Amino acid sequence: MAELTYRDAVARGIAQEMARDPDVVFLGEDVAKAGGVFKATVGLYEQFGPLRVRDTPISEQAILGAAMGAAMTGLKPIAEIMFSDFLAVCFDYIANEFPKSRYMTNGQVKCPLVVRTGNGAGSRFGAQHSQSVENWCMMIPGLKVVAPSSPRDVIGLLAAAVRDPDPVIFFEHKSLYPMKGEVPDGEIVDTLGTAKIVRPGKDATILALALMVPRALEAAEKLKAEHGIDCEVVDVRSLVPLDTQTILGSVARTHRLFTVEENPRLCGWGAEIASIVADEAFYDLDGPIVRITTPHIPLPAADVLEDTVLPTPGRIAERVRQSLGS
Amino acid sequence: MDILMPQLGETVAEGKITRWYKATGDAVQPGDNLFEIETDKTSMEVPATSAGVLAEIRVATGDVAPVGAVVAVLAASAEAAEAHQPAAKQSAQPQAPLIPAQAGIQNQTSLDPRFRGDERIVVGIPAAKPIPMDLFREVRTPERNYGPARIGGISVTPLARRLAGENGIDLSRITGSGPHGRIVARDVEGQIRRAPAGAPAAGPSASDILALYRDVPFNEVPLDGMRKTIAARLTQAKQIIPHFYLNADVSIDALLKLRAEANAAAPRPDGAADYRISVNDFVIKALALALIRVPATNAVWADDRILRFNRADIGVAVAIDGGLLTPVLRAANEKSLSAISNEMRSLAERARDKKLKPEEYQGGVSAISNLGMYGVRDFAAIINPPQSTILAVGASQRRPVETEDGGVRFESQMTITLSCDHRVIDGALGAQLLAAVKNYLEQPLTMLVA
């Protein structure tokens, strides 16, 4: 058992898959000799060489186009888009090409690739480099959408994504890169579409993703200590496929649901889960489902403002406390 | 505009219209009495709240309608009244039942493994498998219904509705503790806990009993609302209130003497009496003062807490035709005997005429039941929830008492019996209350200076 940062876990996860499968290749801007702009891929170039770890021009479309071609011809590429905001400039690949290739060719052409990308706010990168855009991808049929919150999950879910026969968008959170966590030795492989109960509790379920998971955990500890409210915190981990069994099971035990989303409120993933829970577990609910989100505004660059709009442990705890009426 | 059957008390679910003051086509002014209703405990005129012409009467004299049902329709003008089309017959029927529907309940014991993620990945490269297409299929709401989401203006959470439906709990009797008075699961769970384990053993059914008396001539007396209410409330009282009883003999010679003197002084120069104080009036005052003297007994049980009062509201049982009512004398500890006497006479009269308003017979901390006039020596009364005590008063009798020199003398005594709710009042506390009552009654002058 070693303690790794989230950023080191990315490199270890890629290395684990590249070592296991010679078809796995890795490409992106400054990912090779420079070790990535976030230093999340240090050492891969030295270990696997220029044929399998490649720097690309500054063109997101070129990166994803190359990855798609490689995937269709038998490789298993991992492509990095530095900031997830730039998924938008290559949205034709993401929305129209990757997820439709198997469907439109009657299964003859597969597109087994992983797009890793730095998502989320909290690092003063401004409105165009701080967004949480997992819901952009979530609404596209044929894509899988994953967002780990811990170093261990980075490795396990990345392995699962690489081994998946279809395209997976893998959202790393920029503000989690320095976070440390225990990681078991040896190969780690998770299953896509499994949520994780990271803190059991009985009074309410708080669903969170990525950076919001540690914040929800902090809120839960605060609620326990200050108000005796015992919250279950569930790390959703994978939006597509979605582990509705774990979510509905948790709601069936606690009877209250709170979702904590970093994305702007409108059409956030919490709305989709709220809809599923309202449909499937209505008579398990002892109160309205509450979504805690960022307001529907572009993210500010000013540190005070950025901190103000993102859900904080204090805000999460206060909203839960108000809603539980104690 | 629709005229609705009003709710005359928290537990009143329906009302019977005993009289219409207006006929179809009559003009109505605000404040005009429209009709009179009789509920389980009272009868009362219902006035119009706005002007118009009575276009339709849907519930005829002598018919019963649930609270909230449309009993009549008021039109804005005579023309509108003429043009009004009477509703079909069934529209006066009750809408949603207050107890959630049992129909269509499916107990969900385990959750389907739907939308499960792809679990094929364990080790190595998996075989290609299609993406499960039902990932975001259109999900259907379960075909379950546990009744209305709002009951009498109070909202009910889905879980609370489910729990109430599954346990046969009447949500209309629950006070919500959630935000904005919302009924949440813990409110229903509290009610389930309070209900006796398992269903209360119901007596034999009507048909069993009819079979038993097949060969005996009898007349059937249908139950009216008051009889049903008395039966339900007192059954509940004996089931949920842990009663215990304390009694004491009270020497009342001094009281009788004082009463005679007071009543003798009542007539004014013109011969009319200002008051006529009864023994019962003394008992009311004595109990009220005793409750103030032993403050811990001036309290009621309120589910998860005890409410203590600083004035003593005393219910006084009044036998009326077909049942009994217990109008409440407010702040009896602060009132003079003559005031108590006069107020009691008015309450009793209106109780016999069934003219009491609900707020006149609800609440109270304790009550008095007096059967002395029937020669009853002593008895134990059943507490009327949520009150925590009731004082049963027996007949005044001449009883032999041993004198100090070993001889015998006779004095007037009556036996009083205090029924106590042990959840609020422990034995010693009840005894203190009873001793205080006895003390006031035996030294009635102290009541006048208290």
# chains A, B, ... in the order shown; residues from 1 in each chain; ligands from 1
$ residues_around --residues "Ala301 of chain A" --least-positions-apart "6" --cutoff "9 Å" --atoms "only C-alpha atoms" --output "list in words"
Ser123, Arg124, Phe125, Gly126, Ala127 and Ser130 of chain A
$ write_last_selection --atoms "C-alpha atoms" --output "tab-separated table (two decimals), in the first residue's frame"
chain	number	residue	atom	x	y	z
A	123	SER	CA	-7.60	26.71	-9.64
A	124	ARG	CA	-8.23	30.30	-10.82
A	125	PHE	CA	-8.18	29.36	-14.50
A	126	GLY	CA	-11.09	31.58	-15.47
A	127	ALA	CA	-14.31	30.97	-17.34
A	130	SER	CA	-12.58	25.84	-15.30
$ select_by_dssp --residues "segment 64-202 of chain A" --states "alpha helix (DSSP H)" --output "VMD selection string"
chain A and resid 64 to 72 91 101 to 104 134 to 138 151 to 163
$ write_last_selection --atoms "N, CA, C and O atoms" --output "CSV table (one decimal), in the first residue's frame"
chain,number,residue,atom,x,y,z
A,64,LEU,N,-7.9,14.2,-31.3
A,64,LEU,CA,-9.0,13.2,-31.3
A,64,LEU,C,-9.2,12.5,-32.6
A,64,LEU,O,-9.6,11.4,-32.7
A,65,GLY,N,-9.0,13.3,-33.7
A,65,GLY,CA,-9.1,12.6,-35.0
A,65,GLY,C,-8.1,11.5,-35.2
A,65,GLY,O,-8.4,10.4,-35.6
A,66,ALA,N,-6.8,11.8,-34.7
A,66,ALA,CA,-5.8,10.7,-34.8
A,66,ALA,C,-6.2,9.6,-33.9
A,66,ALA,O,-6.0,8.4,-34.2
A,67,ALA,N,-6.7,9.9,-32.7
A,67,ALA,CA,-7.0,8.8,-31.8
A,67,ALA,C,-8.1,7.9,-32.4
A,67,ALA,O,-8.1,6.7,-32.3
A,68,MET,N,-9.1,8.6,-33.0
A,68,MET,CA,-10.2,7.8,-33.6
A,68,MET,C,-9.7,6.9,-34.7
A,68,MET,O,-10.0,5.7,-34.8
A,69,GLY,N,-8.8,7.4,-35.6
A,69,GLY,CA,-8.2,6.6,-36.6
A,69,GLY,C,-7.5,5.4,-36.0
A,69,GLY,O,-7.6,4.3,-36.5
A,70,ALA,N,-6.7,5.7,-35.0
A,70,ALA,CA,-5.9,4.7,-34.4
A,70,ALA,C,-6.8,3.6,-33.8
A,70,ALA,O,-6.6,2.4,-33.9
A,71,ALA,N,-7.9,4.0,-33.1
A,71,ALA,CA,-8.8,3.1,-32.5
A,71,ALA,C,-9.5,2.2,-33.5
A,71,ALA,O,-9.6,1.0,-33.4
A,72,MET,N,-9.9,2.8,-34.7
A,72,MET,CA,-10.6,2.1,-35.7
A,72,MET,C,-9.7,1.1,-36.4
A,72,MET,O,-10.2,0.1,-37.0
A,91,PHE,N,-16.1,18.7,-30.9
A,91,PHE,CA,-17.3,18.0,-30.5
A,91,PHE,C,-17.9,17.2,-31.6
A,91,PHE,O,-18.7,16.3,-31.4
A,101,SER,N,-19.7,5.0,-34.4
A,101,SER,CA,-19.1,4.1,-35.4
A,101,SER,C,-19.5,2.7,-35.3
A,101,SER,O,-19.8,2.1,-36.3
A,102,ARG,N,-19.6,2.1,-34.1
A,102,ARG,CA,-20.1,0.8,-34.0
A,102,ARG,C,-21.5,0.6,-34.5
A,102,ARG,O,-21.9,-0.3,-35.2
A,103,TYR,N,-22.3,1.6,-34.1
A,103,TYR,CA,-23.8,1.5,-34.4
A,103,TYR,C,-24.0,1.6,-35.9
A,103,TYR,O,-24.8,0.8,-36.5
A,104,MET,N,-23.2,2.5,-36.6
A,104,MET,CA,-23.5,2.8,-38.0
A,104,MET,C,-22.9,1.7,-38.9
A,104,MET,O,-23.2,1.6,-40.1
A,134,GLU,N,-19.0,17.4,-17.7
A,134,GLU,CA,-19.3,16.0,-17.9
A,134,GLU,C,-20.7,15.9,-18.4
A,134,GLU,O,-21.0,14.9,-19.1
A,135,ASN,N,-21.6,16.8,-18.1
A,135,ASN,CA,-23.0,16.7,-18.6
A,135,ASN,C,-23.1,16.9,-20.2
A,135,ASN,O,-24.0,16.5,-20.8
A,136,TRP,N,-22.1,17.6,-20.7
A,136,TRP,CA,-22.1,17.8,-22.2
A,136,TRP,C,-22.0,16.4,-22.8
A,136,TRP,O,-22.6,16.1,-23.8
A,137,CYS,N,-21.1,15.5,-22.2
A,137,CYS,CA,-20.9,14.2,-22.8
A,137,CYS,C,-21.9,13.2,-22.4
A,137,CYS,O,-22.2,12.3,-23.1
A,138,MET,N,-22.5,13.4,-21.2
A,138,MET,CA,-23.4,12.5,-20.6
A,138,MET,C,-24.7,12.3,-21.5
A,138,MET,O,-25.3,11.3,-21.6
A,151,PRO,N,-7.1,8.8,-5.8
A,151,PRO,CA,-6.0,8.2,-6.6
A,151,PRO,C,-6.3,6.7,-6.9
A,151,PRO,O,-6.0,6.3,-8.0
A,152,ARG,N,-6.9,6.0,-6.0
A,152,ARG,CA,-7.1,4.6,-6.2
A,152,ARG,C,-8.1,4.4,-7.4
A,152,ARG,O,-7.9,3.6,-8.3
A,153,ASP,N,-9.2,5.2,-7.3
A,153,ASP,CA,-10.2,5.1,-8.4
A,153,ASP,C,-9.7,5.6,-9.7
A,153,ASP,O,-10.1,5.1,-10.8
A,154,VAL,N,-8.7,6.5,-9.7
A,154,VAL,CA,-8.1,7.0,-11.0
A,154,VAL,C,-7.5,5.7,-11.7
A,154,VAL,O,-7.8,5.5,-12.9
A,155,ILE,N,-6.8,4.9,-11.0
A,155,ILE,CA,-6.1,3.8,-11.6
A,155,ILE,C,-7.2,2.7,-12.0
A,155,ILE,O,-7.2,2.3,-13.2
A,156,GLY,N,-8.1,2.4,-11.1
A,156,GLY,CA,-9.0,1.3,-11.3
A,156,GLY,C,-10.0,1.7,-12.5
A,156,GLY,O,-10.2,0.9,-13.4
A,157,LEU,N,-10.5,2.9,-12.5
A,157,LEU,CA,-11.4,3.3,-13.5
A,157,LEU,C,-10.8,3.6,-14.9
A,157,LEU,O,-11.3,3.3,-15.9
A,158,LEU,N,-9.5,4.1,-14.8
A,158,LEU,CA,-8.8,4.3,-16.1
A,158,LEU,C,-8.5,2.9,-16.7
A,158,LEU,O,-8.7,2.8,-18.0
A,159,ALA,N,-8.2,1.9,-15.9
A,159,ALA,CA,-8.0,0.6,-16.5
A,159,ALA,C,-9.3,0.1,-17.1
A,159,ALA,O,-9.3,-0.5,-18.2
A,160,ALA,N,-10.4,0.3,-16.4
A,160,ALA,CA,-11.6,-0.2,-16.9
A,160,ALA,C,-12.0,0.5,-18.2
A,160,ALA,O,-12.5,-0.1,-19.2
A,161,ALA,N,-11.7,1.8,-18.3
A,161,ALA,CA,-12.0,2.6,-19.5
A,161,ALA,C,-11.2,2.1,-20.7
A,161,ALA,O,-11.7,2.0,-21.8
A,162,VAL,N,-9.9,1.9,-20.4
A,162,VAL,CA,-9.0,1.4,-21.5
A,162,VAL,C,-9.5,0.1,-22.0
A,162,VAL,O,-9.4,-0.2,-23.2
A,163,ARG,N,-9.9,-0.8,-21.1
A,163,ARG,CA,-10.3,-2.1,-21.5
A,163,ARG,C,-11.7,-2.2,-22.1
A,163,ARG,O,-12.2,-3.2,-22.6
$ atom_distance --atom1 "atom CA of Lys22 of chain B" --atom2 "atom CA of Ile3 of chain B"
12.9 Å
$ residues_around --residues "Ala381 of chain B" --least-positions-apart "3" --cutoff "7 Å" --atoms "only C-alpha atoms" --output "PyMOL selection string"
chain B and resi 390+392+419
$ residues_around --residues "Ala34 of chain A" --least-positions-apart "6" --cutoff "9 Å" --atoms "only C-alpha atoms" --output "list in words"
Thr41, Val42 and Tyr45 of chain A
$ closest_residue --among "B:Asn384, B:Ser177, B:Gln85, B:Asn167" --to "chain A" --atoms "only C-alpha atoms"
B:Ser177
$ residues_around --residues "Asn96 of chain A" --least-positions-apart "3" --cutoff "10 Å" --atoms "only C-alpha atoms" --output "list in words"
Phe91, Asp92, Tyr93, Pro99, Lys100, Ser101, Ile140, Pro141 and Gly142 of chain A
$ closest_atom_pairs --of "chain A" --to "chain B" --cutoff "7 Å" --atoms "only C-alpha atoms" --output "tab-separated table"
residue	atom	partner	partner_atom	distance
A:Ala160	CA	B:Ile121	CA	6.9
A:Arg163	CA	B:Ile125	CA	5.9
A:Pro165	CA	B:Ala128	CA	5.9
A:Thr191	CA	B:Glu119	CA	5.9
A:Leu192	CA	B:Gly117	CA	5.8
A:Gly193	CA	B:Gly117	CA	3.9
A:Thr194	CA	B:Gly117	CA	6.4
A:Pro241	CA	B:Gly117	CA	5.2
A:Leu242	CA	B:Phe115	CA	6.5
A:Asp243	CA	B:Arg116	CA	5.6
A:Thr244	CA	B:Phe115	CA	6.1
A:Gln245	CA	B:Pro113	CA	5.8
A:Asp279	CA	B:Thr141	CA	4.7
A:Glu280	CA	B:Thr141	CA	6.1
A:Phe282	CA	B:Pro158	CA	6.2
A:Tyr283	CA	B:Pro158	CA	4.7
A:Asp284	CA	B:Leu159	CA	5.0
A:Leu285	CA	B:Leu159	CA	5.1
A:Asp286	CA	B:Leu159	CA	4.9
A:Gly287	CA	B:Thr157	CA	5.6
A:Gly325	CA	B:Pro179	CA	6.0
$ write_last_selection --atoms "N, CA and C atoms" --output "PDB file, in the first residue's frame"
ATOM      1  N   ALA A 160     -10.358   0.265 -16.405  1.00  0.00           N
ATOM      2  CA  ALA A 160     -11.639  -0.207 -16.930  1.00  0.00           C
ATOM      3  C   ALA A 160     -11.991   0.516 -18.220  1.00  0.00           C
ATOM      4  N   ARG A 163      -9.915  -0.763 -21.094  1.00  0.00           N
ATOM      5  CA  ARG A 163     -10.315  -2.112 -21.498  1.00  0.00           C
ATOM      6  C   ARG A 163     -11.718  -2.155 -22.089  1.00  0.00           C
ATOM      7  N   PRO A 165     -14.554  -1.671 -24.770  1.00  0.00           N
ATOM      8  CA  PRO A 165     -14.477  -1.693 -26.238  1.00  0.00           C
ATOM      9  C   PRO A 165     -15.057  -0.452 -26.900  1.00  0.00           C
ATOM     10  N   THR A 191     -14.819  -1.617 -12.175  1.00  0.00           N
ATOM     11  CA  THR A 191     -15.904  -1.854 -13.107  1.00  0.00           C
ATOM     12  C   THR A 191     -16.585  -0.527 -13.387  1.00  0.00           C
ATOM     13  N   LEU A 192     -16.786  -0.232 -14.658  1.00  0.00           N
ATOM     14  CA  LEU A 192     -17.518   0.996 -14.985  1.00  0.00           C
ATOM     15  C   LEU A 192     -18.975   0.844 -14.538  1.00  0.00           C
ATOM     16  N   GLY A 193     -19.596   1.951 -14.184  1.00  0.00           N
ATOM     17  CA  GLY A 193     -21.007   1.877 -13.798  1.00  0.00           C
ATOM     18  C   GLY A 193     -21.212   1.386 -12.392  1.00  0.00           C
ATOM     19  N   THR A 194     -20.215   1.599 -11.537  1.00  0.00           N
ATOM     20  CA  THR A 194     -20.405   1.269 -10.127  1.00  0.00           C
ATOM     21  C   THR A 194     -20.122   2.506  -9.285  1.00  0.00           C
ATOM     22  N   PRO A 241     -22.066   4.223 -17.740  1.00  0.00           N
ATOM     23  CA  PRO A 241     -23.350   3.808 -17.200  1.00  0.00           C
ATOM     24  C   PRO A 241     -23.502   4.299 -15.756  1.00  0.00           C
ATOM     25  N   LEU A 242     -24.736   4.403 -15.317  1.00  0.00           N
ATOM     26  CA  LEU A 242     -25.012   4.932 -13.992  1.00  0.00           C
ATOM     27  C   LEU A 242     -25.432   3.790 -13.071  1.00  0.00           C
ATOM     28  N   ASP A 243     -24.868   3.787 -11.883  1.00  0.00           N
ATOM     29  CA  ASP A 243     -25.168   2.713 -10.931  1.00  0.00           C
ATOM     30  C   ASP A 243     -26.453   3.066 -10.157  1.00  0.00           C
ATOM     31  N   THR A 244     -27.562   2.878 -10.809  1.00  0.00           N
ATOM     32  CA  THR A 244     -28.819   3.252 -10.142  1.00  0.00           C
ATOM     33  C   THR A 244     -29.124   2.320  -8.979  1.00  0.00           C
ATOM     34  N   GLN A 245     -28.582   1.109  -9.027  1.00  0.00           N
ATOM     35  CA  GLN A 245     -28.877   0.187  -7.931  1.00  0.00           C
ATOM     36  C   GLN A 245     -28.339   0.715  -6.599  1.00  0.00           C
ATOM     37  N   ASP A 279     -38.891   8.752 -10.190  1.00  0.00           N
ATOM     38  CA  ASP A 279     -39.661   7.723 -10.885  1.00  0.00           C
ATOM     39  C   ASP A 279     -39.642   6.400 -10.138  1.00  0.00           C
ATOM     40  N   GLU A 280     -38.455   6.000  -9.704  1.00  0.00           N
ATOM     41  CA  GLU A 280     -38.282   4.625  -9.249  1.00  0.00           C
ATOM     42  C   GLU A 280     -38.410   4.484  -7.738  1.00  0.00           C
ATOM     43  N   PHE A 282     -40.048   6.895  -5.563  1.00  0.00           N
ATOM     44  CA  PHE A 282     -40.853   8.011  -5.049  1.00  0.00           C
ATOM     45  C   PHE A 282     -41.324   7.761  -3.618  1.00  0.00           C
ATOM     46  N   TYR A 283     -41.808   6.562  -3.389  1.00  0.00           N
ATOM     47  CA  TYR A 283     -42.378   6.274  -2.071  1.00  0.00           C
ATOM     48  C   TYR A 283     -41.316   5.888  -1.039  1.00  0.00           C
ATOM     49  N   ASP A 284     -40.047   6.062  -1.426  1.00  0.00           N
ATOM     50  CA  ASP A 284     -38.975   5.966  -0.429  1.00  0.00           C
ATOM     51  C   ASP A 284     -38.562   7.349   0.049  1.00  0.00           C
ATOM     52  N   LEU A 285     -39.084   8.399  -0.589  1.00  0.00           N
ATOM     53  CA  LEU A 285     -38.615   9.751  -0.290  1.00  0.00           C
ATOM     54  C   LEU A 285     -39.409  10.377   0.843  1.00  0.00           C
ATOM     55  N   ASP A 286     -38.690  10.960   1.779  1.00  0.00           N
ATOM     56  CA  ASP A 286     -39.354  11.632   2.898  1.00  0.00           C
ATOM     57  C   ASP A 286     -39.140  13.140   2.816  1.00  0.00           C
ATOM     58  N   GLY A 287     -38.954  13.623   1.604  1.00  0.00           N
ATOM     59  CA  GLY A 287     -38.771  15.052   1.421  1.00  0.00           C
ATOM     60  C   GLY A 287     -38.323  15.290  -0.002  1.00  0.00           C
ATOM     61  N   GLY A 325     -34.629  20.052   8.386  1.00  0.00           N
ATOM     62  CA  GLY A 325     -35.466  20.737   9.363  1.00  0.00           C
ATOM     63  C   GLY A 325     -35.036  20.572  10.804  1.00  0.00           C
TER      64      GLY A 325
END
$ residues_around --residues "segment 170-178 of chain A" --least-positions-apart "2" --cutoff "6 Å" --atoms "only C-alpha atoms" --output "list in words"
Thr5, Tyr6, Arg7, Val115, Arg116, Thr117, Gly118, Asn119, Gly120, Gly122, Val146 and Ala147 of chain A
$ write_last_selection --atoms "C-alpha atoms" --output "compact mmCIF listing (two decimals), in the first residue's frame"
# COMPACT_ATOMS: atom_id res chain seq x y z
CA THR A 5 -1.16 11.83 -5.35
CA TYR A 6 -4.09 11.87 -7.78
CA ARG A 7 -1.65 13.20 -10.40
CA VAL A 115 -10.21 10.76 -23.80
CA ARG A 116 -8.60 11.97 -20.57
CA THR A 117 -9.23 15.55 -19.73
CA GLY A 118 -8.72 18.06 -16.93
CA ASN A 119 -12.11 19.15 -15.68
CA GLY A 120 -13.45 21.52 -13.06
CA GLY A 122 -10.95 25.86 -8.07
CA VAL A 146 -16.33 8.56 -15.84
CA ALA A 147 -15.01 10.94 -13.17
